[in-house]
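Enquirer: As input, take entry-v8.cif (mmCIF, C-alpha atoms):
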data_data
loop_
_atom_site.group_PDB
_atom_site.id
_atom_site.type_symbol
_atom_site.label_atom_id
_atom_site.label_comp_id
_atom_site.auth_asym_id
_atom_site.auth_seq_id
_atom_site.Cartn_x
_atom_site.Cartn_y
_atom_site.Cartn_z
ATOM 1 C CA MET D 557 27.353 -0.733 5.092
ATOM 2 C CA LYS D 558 26.684 -3.616 7.501
ATOM 3 C CA ASP D 559 23.237 -2.208 8.304
ATOM 4 C CA ARG D 560 22.284 -1.961 4.609
ATOM 5 C CA ALA D 561 23.415 -5.556 4.056
ATOM 6 C CA LEU D 562 21.360 -6.703 7.055
ATOM 7 C CA GLN D 563 18.314 -4.833 5.719
ATOM 8 C CA ALA D 564 18.775 -6.505 2.334
ATOM 9 C CA LEU D 565 18.914 -9.903 4.049
ATOM 10 C CA ALA D 566 15.735 -9.195 6.042
ATOM 11 C CA LYS D 567 14.031 -7.998 2.856
ATOM 12 C CA LEU D 568 14.996 -11.230 1.082
ATOM 13 C CA ALA D 569 13.427 -13.177 3.958
ATOM 14 C CA LEU D 570 10.176 -11.171 4.096
ATOM 15 C CA GLU D 571 9.509 -10.149 0.507
ATOM 16 C CA PRO D 572 8.416 -13.468 -1.068
ATOM 17 C CA GLU D 573 5.651 -13.988 1.497
ATOM 18 C CA TRP D 574 4.392 -10.415 1.205
ATOM 19 C CA GLU D 575 4.602 -10.216 -2.587
ATOM 20 C CA ALA D 576 2.345 -13.292 -2.682
ATOM 21 C CA ARG D 577 -0.130 -11.604 -0.304
ATOM 22 C CA PHE D 578 -0.222 -8.062 -1.710
ATOM 23 C CA GLU D 579 -3.435 -6.963 -3.374
ATOM 24 C CA PRO D 580 -3.462 -7.302 -7.154
ATOM 25 C CA ASN D 581 -3.695 -3.560 -7.820
ATOM 26 C CA SER D 582 -0.884 -2.540 -5.490
ATOM 27 C CA TYR D 583 2.054 -1.156 -7.431
ATOM 28 C CA GLY D 584 5.239 0.718 -6.712
ATOM 29 C CA LEU D 585 8.115 0.252 -4.365
ATOM 30 C CA GLY D 586 8.128 -3.490 -4.952
ATOM 31 C CA ALA D 587 9.610 -6.079 -7.223
ATOM 32 C CA GLY D 588 7.922 -6.062 -10.634
ATOM 33 C CA ARG D 589 5.368 -3.414 -9.683
ATOM 34 C CA SER D 590 6.283 -0.296 -11.635
ATOM 35 C CA CYS D 591 4.542 2.985 -12.349
ATOM 36 C CA GLN D 592 3.960 1.774 -15.922
ATOM 37 C CA ASP D 593 2.177 -1.313 -14.536
ATOM 38 C CA ALA D 594 -0.140 0.929 -12.490
ATOM 39 C CA ILE D 595 -0.903 3.112 -15.525
ATOM 40 C CA LYS D 596 -1.628 -0.002 -17.599
ATOM 41 C CA ALA D 597 -4.028 -1.311 -14.910
ATOM 42 C CA ILE D 598 -5.915 2.000 -14.827
ATOM 43 C CA PHE D 599 -6.098 2.206 -18.620
ATOM 44 C CA SER D 600 -7.371 -1.358 -19.032
ATOM 45 C CA ALA D 601 -10.058 -0.737 -16.396
ATOM 46 C CA ILE D 602 -11.386 2.440 -18.023
ATOM 47 C CA LYS D 603 -10.931 1.908 -21.746
ATOM 48 C CA GLN D 604 -14.472 0.673 -22.363
ATOM 49 C CA LYS D 605 -16.604 2.440 -19.759
ATOM 50 C CA ALA D 606 -17.060 5.981 -18.542
ATOM 51 C CA LYS D 607 -15.922 6.266 -14.946
ATOM 52 C CA TYR D 608 -15.721 8.646 -12.055
ATOM 53 C CA PHE D 609 -12.272 9.061 -10.560
ATOM 54 C CA LEU D 610 -10.729 10.002 -7.279
ATOM 55 C CA ASP D 611 -6.992 10.624 -7.473
ATOM 56 C CA ALA D 612 -5.409 10.933 -4.049
ATOM 57 C CA ASP D 613 -2.143 10.983 -2.157
ATOM 58 C CA ILE D 614 -1.754 10.043 1.499
ATOM 59 C CA ALA D 615 -0.116 13.134 3.021
ATOM 60 C CA LYS D 616 3.214 12.397 4.747
ATOM 61 C CA CYS D 617 2.400 8.691 4.552
ATOM 62 C CA PHE D 618 5.899 7.370 5.183
ATOM 63 C CA ASP D 619 6.446 9.801 8.062
ATOM 64 C CA ARG D 620 3.211 8.846 9.832
ATOM 65 C CA ILE D 621 3.046 5.060 9.591
ATOM 66 C CA ASP D 622 2.101 3.599 12.961
ATOM 67 C CA GLN D 623 5.167 1.538 13.835
ATOM 68 C CA GLU D 624 3.421 -0.746 16.340
ATOM 69 C CA ALA D 625 0.606 -1.519 13.900
ATOM 70 C CA LEU D 626 3.206 -2.227 11.209
ATOM 71 C CA LEU D 627 5.122 -4.589 13.495
ATOM 72 C CA ASN D 628 1.893 -6.397 14.415
ATOM 73 C CA LYS D 629 0.924 -6.716 10.757
ATOM 74 C CA LEU D 630 4.415 -7.955 9.904
ATOM 75 C CA ASN D 631 3.799 -10.934 12.223
ATOM 76 C CA THR D 632 7.208 -12.502 11.718
ATOM 77 C CA PHE D 633 9.857 -14.313 13.726
ATOM 78 C CA PRO D 634 10.866 -12.536 16.959
ATOM 79 C CA THR D 635 14.447 -11.955 15.769
ATOM 80 C CA ILE D 636 13.328 -10.240 12.546
ATOM 81 C CA ARG D 637 10.631 -8.309 14.417
ATOM 82 C CA ARG D 638 13.175 -6.959 16.929
ATOM 83 C CA GLN D 639 15.551 -5.956 14.132
ATOM 84 C CA VAL D 640 12.821 -4.179 12.145
ATOM 85 C CA GLN D 641 11.696 -2.439 15.334
ATOM 86 C CA ALA D 642 15.277 -1.281 15.925
ATOM 87 C CA TRP D 643 15.429 0.191 12.407
ATOM 88 C CA LEU D 644 12.093 1.949 12.895
ATOM 89 C CA LYS D 645 13.187 3.420 16.248
ATOM 90 C CA ALA D 646 16.773 4.259 15.192
ATOM 91 C CA GLY D 647 16.083 7.978 14.772
ATOM 92 C CA VAL D 648 17.179 10.497 12.165
ATOM 93 C CA MET D 649 20.426 12.438 12.107
ATOM 94 C CA ASP D 650 20.231 16.096 11.086
ATOM 95 C CA GLY D 651 23.730 17.449 11.122
ATOM 96 C CA LYS D 652 25.161 16.258 14.411
ATOM 97 C CA GLN D 653 21.803 16.027 16.181
ATOM 98 C CA LEU D 654 19.814 12.789 16.564
ATOM 99 C CA PHE D 655 16.027 13.033 16.474
ATOM 100 C CA PRO D 656 13.971 10.082 17.758
ATOM 101 C CA THR D 657 11.449 8.415 15.455
ATOM 102 C CA SER D 658 8.267 7.264 17.165
ATOM 103 C CA GLU D 659 6.308 6.936 13.930
ATOM 104 C CA GLY D 660 6.983 6.392 10.246
ATOM 105 C CA THR D 661 9.442 4.292 8.302
ATOM 106 C CA PRO D 662 13.012 5.358 7.558
ATOM 107 C CA GLN D 663 13.140 6.682 4.008
ATOM 108 C CA GLY D 664 16.074 5.554 1.920
ATOM 109 C CA GLY D 665 16.553 2.261 3.746
ATOM 110 C CA VAL D 666 16.796 -0.947 1.722
ATOM 111 C CA ILE D 667 13.787 -2.446 3.526
ATOM 112 C CA SER D 668 11.723 0.770 3.747
ATOM 113 C CA PRO D 669 9.734 0.331 0.491
ATOM 114 C CA LEU D 670 8.660 -3.162 1.545
ATOM 115 C CA LEU D 671 7.662 -1.913 5.009
ATOM 116 C CA ALA D 672 5.604 0.888 3.452
ATOM 117 C CA ASN D 673 3.800 -1.579 1.177
ATOM 118 C CA ILE D 674 3.106 -3.853 4.142
ATOM 119 C CA ALA D 675 1.678 -0.901 6.085
ATOM 120 C CA LEU D 676 -0.605 0.043 3.173
ATOM 121 C CA HIS D 677 -1.616 -3.546 2.412
ATOM 122 C CA GLY D 678 -5.366 -4.010 2.864
ATOM 123 C CA MET D 679 -6.379 -0.560 1.681
ATOM 124 C CA GLU D 680 -7.957 -1.877 -1.530
ATOM 125 C CA ASN D 681 -10.101 -4.403 0.357
ATOM 126 C CA CYS D 682 -11.166 -1.782 2.927
ATOM 127 C CA ILE D 683 -12.345 0.561 0.184
ATOM 128 C CA LYS D 684 -14.260 -2.221 -1.560
ATOM 129 C CA GLN D 685 -15.923 -3.212 1.731
ATOM 130 C CA ALA D 686 -16.860 0.403 2.469
ATOM 131 C CA PHE D 687 -18.513 0.767 -0.945
ATOM 132 C CA PRO D 688 -20.223 -2.529 -1.791
ATOM 133 C CA ARG D 689 -22.291 -3.146 -4.905
ATOM 134 C CA ARG D 690 -25.566 -1.194 -4.670
ATOM 135 C CA LYS D 691 -28.614 -0.790 -6.862
ATOM 136 C CA LEU D 692 -28.574 2.639 -8.466
ATOM 137 C CA ARG D 693 -31.794 2.937 -10.373
ATOM 138 C CA GLN D 694 -34.279 1.091 -12.566
ATOM 139 C CA LYS D 695 -34.139 1.219 -16.338
ATOM 140 C CA GLU D 696 -37.335 1.838 -18.302
ATOM 141 C CA ASN D 697 -37.636 -1.913 -18.935
ATOM 142 C CA GLY D 698 -37.600 -2.564 -15.174
ATOM 143 C CA SER D 699 -34.114 -4.024 -14.944
ATOM 144 C CA GLN D 700 -31.724 -2.735 -12.316
ATOM 145 C CA ILE D 701 -28.514 -0.842 -13.002
ATOM 146 C CA ASN D 702 -26.036 -1.829 -10.318
ATOM 147 C CA SER D 703 -23.105 0.257 -9.300
ATOM 148 C CA ALA D 704 -19.812 -1.471 -9.718
ATOM 149 C CA VAL D 705 -17.598 -2.099 -6.756
ATOM 150 C CA PRO D 706 -14.942 0.619 -7.048
ATOM 151 C CA ASP D 707 -11.581 -0.332 -8.472
ATOM 152 C CA VAL D 708 -8.499 0.837 -6.637
ATOM 153 C CA VAL D 709 -5.030 1.126 -8.098
ATOM 154 C CA ARG D 710 -2.298 2.087 -5.646
ATOM 155 C CA TYR D 711 1.233 3.178 -6.462
ATOM 156 C CA ALA D 712 3.155 3.684 -3.215
ATOM 157 C CA ASP D 713 1.121 6.278 -1.269
ATOM 158 C CA ASP D 714 -0.778 7.552 -4.335
ATOM 159 C CA PHE D 715 -3.968 5.878 -5.420
ATOM 160 C CA VAL D 716 -6.800 6.147 -7.917
ATOM 161 C CA ILE D 717 -10.328 4.946 -7.216
ATOM 162 C CA HIS D 718 -12.591 4.603 -10.223
ATOM 163 C CA ALA D 719 -16.165 3.402 -10.540
ATOM 164 C CA ARG D 720 -19.198 3.805 -12.741
#
Show me, as structure tokens, the structure contained in the file I just sent.
Expert:
Amino acid sequence: MKDRALQALAKLALEPEWEARFEPNSYGLGAGRSCQDAIKAIFSAIKQKAKYFLDADIAKCFDRIDQEALLNKLNTFPTIRRQVQAWLKAGVMDGKQLFPTSEGTPQGGVISPLLANIALHGMENCIKQAFPRRKLRQKENGSQINSAVPDVVRYADDFVIHAR
């Protein structure tokens, strides 16, 4: 019980900064970012134009998060960093056996959803940088048809990329 309370306290300290920084189309696992909000964002983006879609899920995302990269990205006070590191390295009990955790975030912890969102933060910008606006073809009147920068909507470790 003490550990859950301490996680809640750390989450209260970290969440306001990160919620202000998260990408606009990042939903799920956070305050005020529901599945319905993600669906609404996708619908409003596609309702007037035909699009191509990529619907994807990051396989075993929470189990494979690089803990050191997450701690570096977290970039917080040393005391909070050490505590988060301790939670990440605490291990998993299966029956009476303890298994070490060298990667991933503990699922079911109070702070785990926030840590997962922090780890995935930046994905939308990376995708947009990888696929910048390009000229597709010329119309008969000589004007260019440009491809749109792809839109990304992420809900936890699931995401949809859509573009013209």
Enquirer: Can you spell out as a PyMOL selection string the set of residues that the PyMOL selection byres ((chain D and resi 594) around 8) selects in the structure I just provided?
Expert: chain D and resi 581-584+589-593+595-598+709-711
Enquirer: Between atom CA of D:Arg620 and atom CA of D:Thr661, measure the distance and give it in Å to one decimal.
Expert: 7.9 Å
Enquirer: What does the distance between atom CA of D:Phe687 and atom CA of D:Pro706 come to in Å, to one decimal place?
Expert: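 Calculated distance between atom CA of D:Phe687 and atom CA of D:Pro706 is 7.1 Å.
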Enquirer: How far is it from atom CA of D:Ala569 to atom CA of D:Leu627, in Å with one decimal?
Expert: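 Atom CA of D:Ala569 sits 15.3 Å away from atom CA of D:Leu627.
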Enquirer: For this file, the PyMOL selection byres ((chain D and resi 671) around 10) selects which residues, as a ChimeraX atom specification?
Expert: /D:567,570-571,574,585,618,621,623,626-627,630,640,644,660-662,665-670,672-677
Enquirer: Name every residue that the PyMOL selection byres ((chain D and resi 602-606) around 10) selects in this structure, writing the answer as a compact mmCIF listing (two decimals) with C-alpha atoms, in the frame of the given file with chains first and numbers rising.
Expert:
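selection_17.txt, freshly written:
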# COMPACT_ATOMS: atom_id res chain seq x y z
CA ALA D 597 -4.03 -1.31 -14.91
CA ILE D 598 -5.92 2.00 -14.83
CA PHE D 599 -6.10 2.21 -18.62
CA SER D 600 -7.37 -1.36 -19.03
CA ALA D 601 -10.06 -0.74 -16.40
CA LYS D 607 -15.92 6.27 -14.95
CA TYR D 608 -15.72 8.65 -12.06
CA PHE D 609 -12.27 9.06 -10.56
CA ASP D 707 -11.58 -0.33 -8.47
CA HIS D 718 -12.59 4.60 -10.22
CA ALA D 719 -16.16 3.40 -10.54
CA ARG D 720 -19.20 3.80 -12.74
Enquirer: Please enclose the listed atoms of stretch 565-568 of chain D in an axis-aligned box, pad each side by 8 Å, and write out the centre and the three edge lengths in Å, rounded to one decimal, as lines of an AutoDock Vina configuration file.
Expert:
center_x = 16.5
center_y = -9.6
center_z = 3.6
size_x = 20.9
size_y = 19.2
size_z = 21.0
Enquirer: Could you check the closest approach to D:Asp713 for each of D:Asp611, D:Ala576, D:Leu565, D:Asp559 and tell me which residue wins, using all atoms listed in the file?
Expert: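 Selected residue with least distance to D:Asp713: D:Asp611.
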Enquirer: Closest to D:Thr632 among D:Glu573, D:Arg560, D:Gly647, D:Lys684, using only C-alpha atoms?
Expert: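 For D:Thr632, the nearest of the given residues is D:Glu573.
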Enquirer: Let me make sure I understand: among D:Ala612, D:Gln641, D:Ser658, D:Pro572, which one has the smallest atom-to-atom distance to D:Val708 if we use all atoms listed in the file?
Expert: D:Ala612
Enquirer: Could you check the closest approach to D:Arg637 for each of D:Ile717, D:Ala615, D:Ala561, D:Ala566 and tell me which residue wins, using all atoms listed in the file?
Expert: D:Ala566
